[in-house]
$ cat target_37.pdb   # PDB, C-alpha atoms and all ligand atoms
ATOM      1  CA  MET S  10       0.000   0.000   0.000
ATOM      2  CA  ALA S  11       1.230   3.503  -0.794
ATOM      3  CA  PRO S  12       2.250   5.484   2.281
ATOM      4  CA  ARG S  13      -0.459   7.739   3.612
ATOM      5  CA  PRO S  14      -0.505  11.200   2.062
ATOM      6  CA  PHE S  15      -1.213  12.717   5.487
ATOM      7  CA  ARG S  16      -0.004  12.837   9.072
ATOM      8  CA  LEU S  17      -1.418  13.423  12.521
ATOM      9  CA  GLY S  18      -0.729  16.884  13.878
ATOM     10  CA  ARG S  19      -1.852  19.610  16.260
ATOM     11  CA  ALA S  20      -5.098  21.234  15.204
ATOM     12  CA  ARG S  21      -7.165  23.967  16.846
ATOM     13  CA  THR S  22      -9.309  21.335  18.522
ATOM     14  CA  GLY S  23      -6.631  18.832  19.528
ATOM     15  CA  LEU S  24      -5.284  16.390  17.014
ATOM     16  CA  GLY S  25      -6.093  16.580  13.337
ATOM     17  CA  ILE S  26      -4.984  15.206  10.014
ATOM     18  CA  PHE S  27      -2.818  17.232   7.630
ATOM     19  CA  ALA S  28      -1.875  16.524   4.047
ATOM     20  CA  THR S  29       1.808  15.797   3.470
ATOM     21  CA  ARG S  30       1.512  15.562  -0.321
ATOM     22  CA  PRO S  31      -0.832  17.031  -2.892
ATOM     23  CA  ILE S  32      -4.041  15.011  -2.831
ATOM     24  CA  ARG S  33      -6.322  14.883  -5.806
ATOM     25  CA  LYS S  34     -10.062  15.263  -5.583
ATOM     26  CA  ARG S  35     -11.837  11.891  -5.178
ATOM     27  CA  THR S  36      -8.793  10.150  -3.641
ATOM     28  CA  ARG S  37      -9.820   7.596  -1.024
ATOM     29  CA  LEU S  38      -7.957   8.521   2.165
ATOM     30  CA  ALA S  39      -8.893   6.093   4.912
ATOM     31  CA  GLU S  40     -11.492   3.697   6.180
ATOM     32  CA  TYR S  41     -13.431   4.592   9.327
ATOM     33  CA  LYS S  42     -12.839   1.381  11.222
ATOM     34  CA  GLY S  43     -14.036  -0.150  14.448
ATOM     35  CA  PRO S  44     -16.280  -2.763  15.998
ATOM     36  CA  ARG S  45     -19.824  -3.011  14.658
ATOM     37  CA  LEU S  46     -22.518  -2.242  17.179
ATOM     38  CA  THR S  47     -26.216  -2.954  16.887
ATOM     39  CA  THR S  48     -28.415   0.124  17.026
ATOM     40  CA  LYS S  49     -29.296  -0.744  20.617
ATOM     41  CA  GLU S  50     -25.636  -1.052  21.637
ATOM     42  CA  ALA S  51     -24.875   2.186  19.830
ATOM     43  CA  GLU S  52     -27.604   4.046  21.723
ATOM     44  CA  LYS S  53     -26.121   2.799  24.984
ATOM     45  CA  ALA S  54     -22.616   3.838  23.921
ATOM     46  CA  GLU S  55     -23.878   7.276  22.889
ATOM     47  CA  LYS S  56     -25.507   7.792  26.288
ATOM     48  CA  ALA S  57     -22.189   6.835  27.871
ATOM     49  CA  GLY S  58     -20.557   9.682  25.951
ATOM     50  CA  ASN S  59     -19.041   7.890  22.962
ATOM     51  CA  ARG S  60     -18.350  10.558  20.297
ATOM     52  CA  TYR S  61     -17.015   8.235  17.606
ATOM     53  CA  LEU S  62     -20.182   6.453  16.553
ATOM     54  CA  TYR S  63     -20.904   6.367  12.858
ATOM     55  CA  GLU S  64     -24.287   4.963  11.856
ATOM     56  CA  ILE S  65     -24.111   2.887   8.660
ATOM     57  CA  ASN S  66     -27.799   2.019   8.455
ATOM     58  CA  SER S  67     -30.825   1.427  10.677
ATOM     59  CA  ARG S  68     -29.236  -1.730  12.131
ATOM     60  CA  TRP S  69     -25.523  -1.131  12.404
ATOM     61  CA  THR S  70     -23.163   1.515  13.736
ATOM     62  CA  ILE S  71     -19.373   1.575  13.633
ATOM     63  CA  ASP S  72     -17.674   2.408  16.898
ATOM     64  CA  GLY S  73     -14.604   4.308  15.751
ATOM     65  CA  THR S  74     -13.101   4.718  19.214
ATOM     66  CA  PRO S  75      -9.980   2.523  18.749
ATOM     67  CA  ARG S  76      -6.845   4.619  18.297
ATOM     68  CA  SER S  77      -5.892   2.362  15.405
ATOM     69  CA  ASN S  78      -8.805   3.979  13.562
ATOM     70  CA  ILE S  79      -6.857   6.840  11.970
ATOM     71  CA  ALA S  80     -10.089   8.202  10.457
ATOM     72  CA  ARG S  81     -11.308   9.250  13.911
ATOM     73  CA  TYR S  82      -8.765  12.102  13.776
ATOM     74  CA  PHE S  83     -10.381  13.883  10.829
ATOM     75  CA  ASN S  84     -11.970  16.960  12.376
ATOM     76  CA  HIS S  85     -15.297  18.525  11.528
ATOM     77  CA  SER S  86     -15.573  21.535   9.252
ATOM     78  CA  CYS S  87     -18.513  23.490   7.860
ATOM     79  CA  ASN S  88     -16.339  24.081   4.785
ATOM     80  CA  PRO S  89     -14.916  20.590   4.199
ATOM     81  CA  ASN S  90     -12.384  19.282   1.707
ATOM     82  CA  ALA S  91     -13.313  15.630   2.334
ATOM     83  CA  ASP S  92     -16.439  13.556   2.807
ATOM     84  CA  THR S  93     -17.450  10.046   3.798
ATOM     85  CA  SER S  94     -19.276   7.419   1.812
ATOM     86  CA  ILE S  95     -20.675   4.047   2.790
ATOM     87  CA  ARG S  96     -19.880   1.129   0.487
ATOM     88  CA  GLY S  97     -20.896  -2.404   1.367
ATOM     89  CA  GLY S  98     -21.274  -1.580   5.040
ATOM     90  CA  ARG S  99     -17.862   0.088   5.247
ATOM     91  CA  ILE S 100     -17.170   3.786   5.668
ATOM     92  CA  PHE S 101     -14.519   5.551   3.622
ATOM     93  CA  VAL S 102     -13.192   9.079   3.801
ATOM     94  CA  TYR S 103     -12.258  10.616   0.453
ATOM     95  CA  ALA S 104     -11.168  14.012  -0.827
ATOM     96  CA  ILE S 105     -13.826  16.218  -2.422
ATOM     97  CA  LYS S 106     -11.326  18.933  -3.389
ATOM     98  CA  ASN S 107      -7.705  18.985  -4.432
ATOM     99  CA  ILE S 108      -5.788  19.340  -1.183
ATOM    100  CA  GLU S 109      -2.387  21.010  -0.798
ATOM    101  CA  PRO S 110       0.344  19.777   1.543
ATOM    102  CA  GLY S 111      -0.041  21.313   4.994
ATOM    103  CA  GLN S 112      -3.809  21.754   4.726
ATOM    104  CA  GLU S 113      -5.926  20.096   7.367
ATOM    105  CA  ILE S 114      -8.216  17.410   5.974
ATOM    106  CA  VAL S 115     -11.715  17.800   7.363
ATOM    107  CA  TYR S 116     -15.221  16.640   6.622
ATOM    108  CA  ASP S 117     -18.676  17.801   7.607
ATOM    109  CA  TYR S 118     -20.003  15.654  10.472
ATOM    110  CA  GLY S 119     -23.545  16.779   9.732
ATOM    111  CA  ILE S 120     -25.998  19.191  11.283
ATOM    112  CA  ASP S 121     -27.030  16.879  14.158
ATOM    113  CA  TYR S 122     -23.463  16.511  15.366
ATOM    114  CA  LEU S 123     -22.822  20.236  14.965
ATOM    115  CA  LYS S 124     -25.945  21.162  16.917
ATOM    116  CA  ASN S 125     -25.898  18.484  19.613
ATOM    117  CA  VAL S 126     -22.240  17.698  20.208
ATOM    118  CA  ILE S 127     -20.105  20.647  19.124
ATOM    119  CA  GLY S 128     -22.697  23.366  19.600
ATOM    120  CA  LYS S 129     -23.243  25.719  16.667
ATOM    121  CA  SER S 130     -21.579  28.687  18.338
ATOM    122  CA  ASN S 131     -18.575  26.610  19.454
ATOM    123  CA  CYS S 132     -17.504  25.311  16.078
ATOM    124  CA  LYS S 133     -13.789  25.991  15.611
ATOM    125  CA  CYS S 134     -13.571  25.193  11.919
ATOM    126  CA  SER S 135     -11.782  27.772   9.758
ATOM    127  CA  ARG S 136     -15.028  29.065   8.264
ATOM    128  CA  CYS S 137     -16.701  29.623  11.650
ATOM    129  CA  MET S 138     -13.535  31.204  13.109
ATOM    130  CA  ARG S 139     -13.342  33.605  10.139
ATOM    131  CA  ARG S 140     -17.019  34.432  10.439
ATOM    132  CA  ARG S 141     -16.688  35.136  14.168
ATOM    133  CA  ALA S 142     -13.557  37.260  13.660
ATOM    134  CA  LYS S 143     -15.374  39.291  10.997
ATOM    135  CA  ARG S 144     -18.342  39.877  13.300
ATOM    136  CA  ALA S 145     -15.997  40.970  16.110
ATOM    137  CA  ARG S 146     -14.254  43.407  13.731
ATOM    138  CA  GLU S 147     -17.617  44.828  12.667
ATOM    139  CA  ARG S 148     -18.681  45.217  16.295
ATOM    140  CA  ARG S 149     -15.458  47.064  17.144
ATOM    141  CA  ALA S 150     -15.842  49.324  14.097
ATOM    142  CA  ALA S 151     -19.450  50.108  15.072
ATOM    143  CA  GLN S 152     -18.340  50.963  18.620
ATOM    144  CA  LYS S 153     -15.648  53.279  17.265
ATOM    145  CA  ARG S 154     -18.174  55.059  15.034
ATOM    146  CA  LYS S 155     -20.521  55.461  17.978
ATOM    147  CA  ALA S 156     -17.739  56.807  20.199
ATOM    148  CA  ALA S 157     -16.817  59.297  17.451
ATOM    149  CA  ARG S 158     -20.452  60.471  17.189
ATOM    150  CA  VAL S 159     -20.676  60.958  20.958
ATOM    151  CA  ALA S 160     -17.408  62.913  20.995
ATOM    152  CA  ALA S 161     -18.595  65.131  18.116
ATOM    153  CA  LYS S 162     -21.846  65.878  19.944
ATOM    154  CA  ARG S 163     -19.927  66.792  23.074
ATOM    155  CA  ARG S 164     -17.671  69.129  21.113
ATOM    156  CA  ALA S 165     -20.687  70.759  19.496
ATOM    157  CA  ALA S 166     -22.371  71.209  22.887
ATOM    158  CA  ARG S 167     -19.257  72.830  24.326
ATOM    159  CA  LYS S 168     -19.081  75.305  21.414
ATOM    160  CA  LYS S 169     -22.666  76.484  22.024
ATOM    161  CA  LYS S 170     -21.904  77.478  25.632
TER     162      LYS S 170
HETATM  163 ZN    ZN U 201     -17.891  25.451  11.517
END
$ encode --input "target_37.pdb" --output "structure tokens" --more "lines below"
Ligand SMILES: [Zn+2]
Amino acid sequence: MAPRPFRLGRARTGLGIFATRPIRKRTRLAEYKGPRLTTKEAEKAEKAGNRYLYEINSRWTIDGTPRSNIARYFNHSCNPNADTSIRGGRIFVYAIKNIEPGQEIVYDYGIDYLKNVIGKSNCKCSRCMRRRAKRARERRAAQKRKAARVAAKRRAARKKK
């Protein structure tokens, strides 16, 4: 097997996976591996706090907890460059964009995970971080404009006296 075109590394949210070579769109990157759980077992595991459950269908879920499951280290992003697909009861992660060396490889975990596990306002993906930074800049700019208006009014009031 060809060596992996990625490595584990430090990401904003802990560990993540980063490309070490250019990766072409549609390249299969890894299999999301782990024991198969029945839906009932999976529900129990979820209640116990397992965050690595991947439902394949109405009967089976993969428990991706084992550290040997490299695919568990792909982080979530709202602006992903990878995705998962289920083929014959197995889950594969593949690139959906051309990926440059050094870029983090991320896929969208889905709206349920974002809402219930991460929390929409806690997402640390690059898109959400940019969006939040932009909003903070706009807030600061608005405060500055307001402060300038107040100062101008004060100056005008002083002149009248
Ligand atoms: Zn996000």
$ resolve_selection --input "target_37.pdb" --expression "the PyMOL selection byres (((not hetatm)) within 9 of (chain U and resi 201))" --output "number ranges by chain"
S: 85-88, 117, 123, 129-138
$ write_last_selection --input "target_37.pdb" --atoms "C-alpha atoms" --output "PDB file, in the frame of the given file"
ATOM      1  CA  HIS S  85     -15.297  18.525  11.528  1.00  0.00           C
ATOM      2  CA  SER S  86     -15.573  21.535   9.252  1.00  0.00           C
ATOM      3  CA  CYS S  87     -18.513  23.490   7.860  1.00  0.00           C
ATOM      4  CA  ASN S  88     -16.339  24.081   4.785  1.00  0.00           C
ATOM      5  CA  ASP S 117     -18.676  17.801   7.607  1.00  0.00           C
ATOM      6  CA  LEU S 123     -22.822  20.236  14.965  1.00  0.00           C
ATOM      7  CA  LYS S 129     -23.243  25.719  16.667  1.00  0.00           C
ATOM      8  CA  SER S 130     -21.579  28.687  18.338  1.00  0.00           C
ATOM      9  CA  ASN S 131     -18.575  26.610  19.454  1.00  0.00           C
ATOM     10  CA  CYS S 132     -17.504  25.311  16.078  1.00  0.00           C
ATOM     11  CA  LYS S 133     -13.789  25.991  15.611  1.00  0.00           C
ATOM     12  CA  CYS S 134     -13.571  25.193  11.919  1.00  0.00           C
ATOM     13  CA  SER S 135     -11.782  27.772   9.758  1.00  0.00           C
ATOM     14  CA  ARG S 136     -15.028  29.065   8.264  1.00  0.00           C
ATOM     15  CA  CYS S 137     -16.701  29.623  11.650  1.00  0.00           C
ATOM     16  CA  MET S 138     -13.535  31.204  13.109  1.00  0.00           C
TER      17      MET S 138
END
$ residues_around --input "target_37.pdb" --residues "Phe101 in chain S" --least-positions-apart "2" --cutoff "10 Å" --atoms "only C-alpha atoms" --output "list of chain:residue names"
S:Arg37, S:Leu38, S:Ala39, S:Glu40, S:Tyr41, S:Lys42, S:Ala80, S:Asp92, S:Thr93, S:Ser94, S:Ile95, S:Arg96, S:Gly98, S:Arg99, S:Tyr103
$ residues_around --input "target_37.pdb" --residues "Glu109 in chain S" --least-positions-apart "3" --cutoff "10 Å" --atoms "all atoms listed in the file" --output "list in words"
Phe27, Ala28, Thr29, Arg30, Pro31, Ile32, Arg33, Lys106, Gln112, Glu113 and Ile114 of chain S
$ closest_residue --input "target_37.pdb" --among "S:Thr70, S:Arg163, S:Ala142, S:Ile65" --to "Lys53 in chain S" --atoms "only C-alpha atoms"
S:Thr70
$ closest_residue --input "target_37.pdb" --among "S:Ile79, S:Arg141, S:Pro12, S:Ile105" --to "Thr36 in chain S" --atoms "all atoms listed in the file"
S:Ile105
$ atom_distance --input "target_37.pdb" --atom1 "CA of Asn78 in chain S" --atom2 "CA of Ala20 in chain S"
17.7 Å
$ build_atoms --input "target_37.pdb" --residues "range 127-149 of chain S" --atoms "N, CA, C and O atoms" --output "PDB file, in the frame of the given file"
ATOM      1  N   ILE S 127     -21.047  19.523  19.138  1.00  0.00           N
ATOM      2  CA  ILE S 127     -20.105  20.647  19.124  1.00  0.00           C
ATOM      3  C   ILE S 127     -20.790  21.900  19.681  1.00  0.00           C
ATOM      4  O   ILE S 127     -20.218  22.617  20.495  1.00  0.00           O
ATOM      5  N   GLY S 128     -22.003  22.121  19.257  1.00  0.00           N
ATOM      6  CA  GLY S 128     -22.697  23.366  19.600  1.00  0.00           C
ATOM      7  C   GLY S 128     -22.391  24.372  18.500  1.00  0.00           C
ATOM      8  O   GLY S 128     -21.227  24.646  18.245  1.00  0.00           O
ATOM      9  N   LYS S 129     -23.436  24.886  17.855  1.00  0.00           N
ATOM     10  CA  LYS S 129     -23.243  25.719  16.667  1.00  0.00           C
ATOM     11  C   LYS S 129     -22.301  26.895  16.905  1.00  0.00           C
ATOM     12  O   LYS S 129     -21.496  27.236  16.061  1.00  0.00           O
ATOM     13  N   SER S 130     -22.400  27.497  18.097  1.00  0.00           N
ATOM     14  CA  SER S 130     -21.579  28.687  18.338  1.00  0.00           C
ATOM     15  C   SER S 130     -20.178  28.317  18.833  1.00  0.00           C
ATOM     16  O   SER S 130     -19.363  29.187  19.092  1.00  0.00           O
ATOM     17  N   ASN S 131     -19.900  27.032  18.991  1.00  0.00           N
ATOM     18  CA  ASN S 131     -18.575  26.610  19.454  1.00  0.00           C
ATOM     19  C   ASN S 131     -17.716  26.035  18.353  1.00  0.00           C
ATOM     20  O   ASN S 131     -16.596  25.612  18.606  1.00  0.00           O
ATOM     21  N   CYS S 132     -18.258  25.955  17.141  1.00  0.00           N
ATOM     22  CA  CYS S 132     -17.504  25.311  16.078  1.00  0.00           C
ATOM     23  C   CYS S 132     -16.206  26.083  15.829  1.00  0.00           C
ATOM     24  O   CYS S 132     -16.217  27.302  15.717  1.00  0.00           O
ATOM     25  N   LYS S 133     -15.087  25.336  15.794  1.00  0.00           N
ATOM     26  CA  LYS S 133     -13.789  25.991  15.611  1.00  0.00           C
ATOM     27  C   LYS S 133     -13.215  25.740  14.214  1.00  0.00           C
ATOM     28  O   LYS S 133     -12.011  25.842  14.004  1.00  0.00           O
ATOM     29  N   CYS S 134     -14.073  25.399  13.274  1.00  0.00           N
ATOM     30  CA  CYS S 134     -13.571  25.193  11.919  1.00  0.00           C
ATOM     31  C   CYS S 134     -13.158  26.546  11.338  1.00  0.00           C
ATOM     32  O   CYS S 134     -13.552  27.594  11.847  1.00  0.00           O
ATOM     33  N   SER S 135     -12.350  26.519  10.270  1.00  0.00           N
ATOM     34  CA  SER S 135     -11.782  27.772   9.758  1.00  0.00           C
ATOM     35  C   SER S 135     -12.887  28.729   9.312  1.00  0.00           C
ATOM     36  O   SER S 135     -12.784  29.930   9.511  1.00  0.00           O
ATOM     37  N   ARG S 136     -13.963  28.183   8.733  1.00  0.00           N
ATOM     38  CA  ARG S 136     -15.028  29.065   8.264  1.00  0.00           C
ATOM     39  C   ARG S 136     -15.707  29.774   9.437  1.00  0.00           C
ATOM     40  O   ARG S 136     -15.914  30.978   9.409  1.00  0.00           O
ATOM     41  N   CYS S 137     -16.030  29.012  10.493  1.00  0.00           N
ATOM     42  CA  CYS S 137     -16.701  29.623  11.650  1.00  0.00           C
ATOM     43  C   CYS S 137     -15.782  30.612  12.365  1.00  0.00           C
ATOM     44  O   CYS S 137     -16.240  31.654  12.824  1.00  0.00           O
ATOM     45  N   MET S 138     -14.480  30.297  12.467  1.00  0.00           N
ATOM     46  CA  MET S 138     -13.535  31.204  13.109  1.00  0.00           C
ATOM     47  C   MET S 138     -13.451  32.511  12.327  1.00  0.00           C
ATOM     48  O   MET S 138     -13.441  33.588  12.913  1.00  0.00           O
ATOM     49  N   ARG S 139     -13.402  32.400  10.980  1.00  0.00           N
ATOM     50  CA  ARG S 139     -13.342  33.605  10.139  1.00  0.00           C
ATOM     51  C   ARG S 139     -14.598  34.441  10.316  1.00  0.00           C
ATOM     52  O   ARG S 139     -14.543  35.658  10.440  1.00  0.00           O
ATOM     53  N   ARG S 140     -15.741  33.738  10.323  1.00  0.00           N
ATOM     54  CA  ARG S 140     -17.019  34.432  10.439  1.00  0.00           C
ATOM     55  C   ARG S 140     -17.090  35.195  11.775  1.00  0.00           C
ATOM     56  O   ARG S 140     -17.491  36.339  11.831  1.00  0.00           O
ATOM     57  N   ARG S 141     -16.658  34.509  12.848  1.00  0.00           N
ATOM     58  CA  ARG S 141     -16.688  35.136  14.168  1.00  0.00           C
ATOM     59  C   ARG S 141     -15.722  36.319  14.247  1.00  0.00           C
ATOM     60  O   ARG S 141     -16.045  37.352  14.820  1.00  0.00           O
ATOM     61  N   ALA S 142     -14.549  36.178  13.644  1.00  0.00           N
ATOM     62  CA  ALA S 142     -13.557  37.260  13.660  1.00  0.00           C
ATOM     63  C   ALA S 142     -14.108  38.471  12.909  1.00  0.00           C
ATOM     64  O   ALA S 142     -13.946  39.609  13.341  1.00  0.00           O
ATOM     65  N   LYS S 143     -14.803  38.206  11.793  1.00  0.00           N
ATOM     66  CA  LYS S 143     -15.374  39.291  10.997  1.00  0.00           C
ATOM     67  C   LYS S 143     -16.439  40.030  11.813  1.00  0.00           C
ATOM     68  O   LYS S 143     -16.464  41.251  11.841  1.00  0.00           O
ATOM     69  N   ARG S 144     -17.294  39.256  12.486  1.00  0.00           N
ATOM     70  CA  ARG S 144     -18.342  39.877  13.300  1.00  0.00           C
ATOM     71  C   ARG S 144     -17.731  40.727  14.418  1.00  0.00           C
ATOM     72  O   ARG S 144     -18.211  41.813  14.709  1.00  0.00           O
ATOM     73  N   ALA S 145     -16.654  40.222  15.036  1.00  0.00           N
ATOM     74  CA  ALA S 145     -15.997  40.970  16.110  1.00  0.00           C
ATOM     75  C   ALA S 145     -15.410  42.274  15.567  1.00  0.00           C
ATOM     76  O   ALA S 145     -15.524  43.321  16.207  1.00  0.00           O
ATOM     77  N   ARG S 146     -14.810  42.192  14.355  1.00  0.00           N
ATOM     78  CA  ARG S 146     -14.254  43.407  13.731  1.00  0.00           C
ATOM     79  C   ARG S 146     -15.360  44.422  13.472  1.00  0.00           C
ATOM     80  O   ARG S 146     -15.199  45.603  13.743  1.00  0.00           O
ATOM     81  N   GLU S 147     -16.499  43.926  12.963  1.00  0.00           N
ATOM     82  CA  GLU S 147     -17.617  44.828  12.667  1.00  0.00           C
ATOM     83  C   GLU S 147     -18.148  45.480  13.939  1.00  0.00           C
ATOM     84  O   GLU S 147     -18.478  46.650  13.951  1.00  0.00           O
ATOM     85  N   ARG S 148     -18.216  44.672  15.015  1.00  0.00           N
ATOM     86  CA  ARG S 148     -18.681  45.217  16.295  1.00  0.00           C
ATOM     87  C   ARG S 148     -17.745  46.327  16.777  1.00  0.00           C
ATOM     88  O   ARG S 148     -18.200  47.375  17.204  1.00  0.00           O
ATOM     89  N   ARG S 149     -16.430  46.054  16.696  1.00  0.00           N
ATOM     90  CA  ARG S 149     -15.458  47.064  17.144  1.00  0.00           C
ATOM     91  C   ARG S 149     -15.562  48.326  16.302  1.00  0.00           C
ATOM     92  O   ARG S 149     -15.522  49.433  16.834  1.00  0.00           O
TER      93      ARG S 149
END
